[in-house]
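Peer 1: Would you mind keeping the following structure in view while I ask a few things?
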Amino acid sequence: MSQAGLASTNGMPTPTTYVTNAGNAVPVANILNVLGAGGVTTSGAGGTITITSSGGITGSGQTIGAVTVDLITINLGAVATTYTIEAKIAGFNSATPAGCGYNLICVARTTGAAASIVGVQDKYVAEDAALVACDANFVASGNTIIVRALGVVGLTVNWNSSTIQVKV
């Protein structure tokens, strides 16, 4: 008789393979160390692993009607440099209910005193019918780049967003 599908009676099976970015890892004394790098940190105790990324910024806000809200403001600093910035934005109106989402990518440059967006920002848009008048964009203001969302007439939209920045 096949043993497939039978539950183990002695608790959880011991994993035999662990996937890492460098191949398979073998735990020592049943301990597997998970290391972070490049703005990612890890910590854990009691079988729980927490992975945190410090490379991005999050923000949220609310629009009531066709007004804008600044979700994230990124200060570009006092040294001339170039950034690639990606933002993910989600909007939700609970009354209809309806949702919208945007994935934005831009290249931004600073002189150390003034920010500008280089070229045209790229945008992926997904909107329910009730929120087609909503929008989200990057805006250069002073020496910052702002992730800005636009609401829709007659509706309250709750927004959440996160960004990832790469600079040289």
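FYI, nothing fancy with the structure tokens labels: chains A, B, ... in order, residues from 1 per chain, ligands from 1 as they appear.
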Show which residues sit within 7 Å of stretch 76-91 of chain A, as a ChimeraX atom specification. Count only C-alpha atoms, and ignore same-chain residues fewer than 6 positions away.

Peer 2: /A:99-113,143-144,157-168

Peer 1: What's the 10 Å shell around A:Leu150, counting only C-alpha atoms, without same-chain residues fewer than 6 positions away, as a list in words?

Peer 2: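 Here the answer would be Gln62, Thr63, Ile64, Gly65, Ala66, Val67, Thr68, Val69, Asp70, Gly91, Ala133, Cys134, Asp135, Ala136, Asn137, Val157 and Trp159 of chain A.
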
Peer 1: Using Å and a single decimal, report how far atom CA of A:Val152 sits from atom CA of A:Gln121.

Peer 2: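 Answer for the atom CA of A:Gln121 to atom CA of A:Val152 separation: 22.1 Å.
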
Peer 1: Atom CA of A:Ile57 to atom CA of A:Ala115: how many Å, to one decimal?

Peer 2: 17.9 Å

Peer 1: As an exercise, work out the distance from atom CA of A:Leu71 to atom CA of A:Asn93 in Å and give it to one decimal place.

Peer 2: 16.5 Å
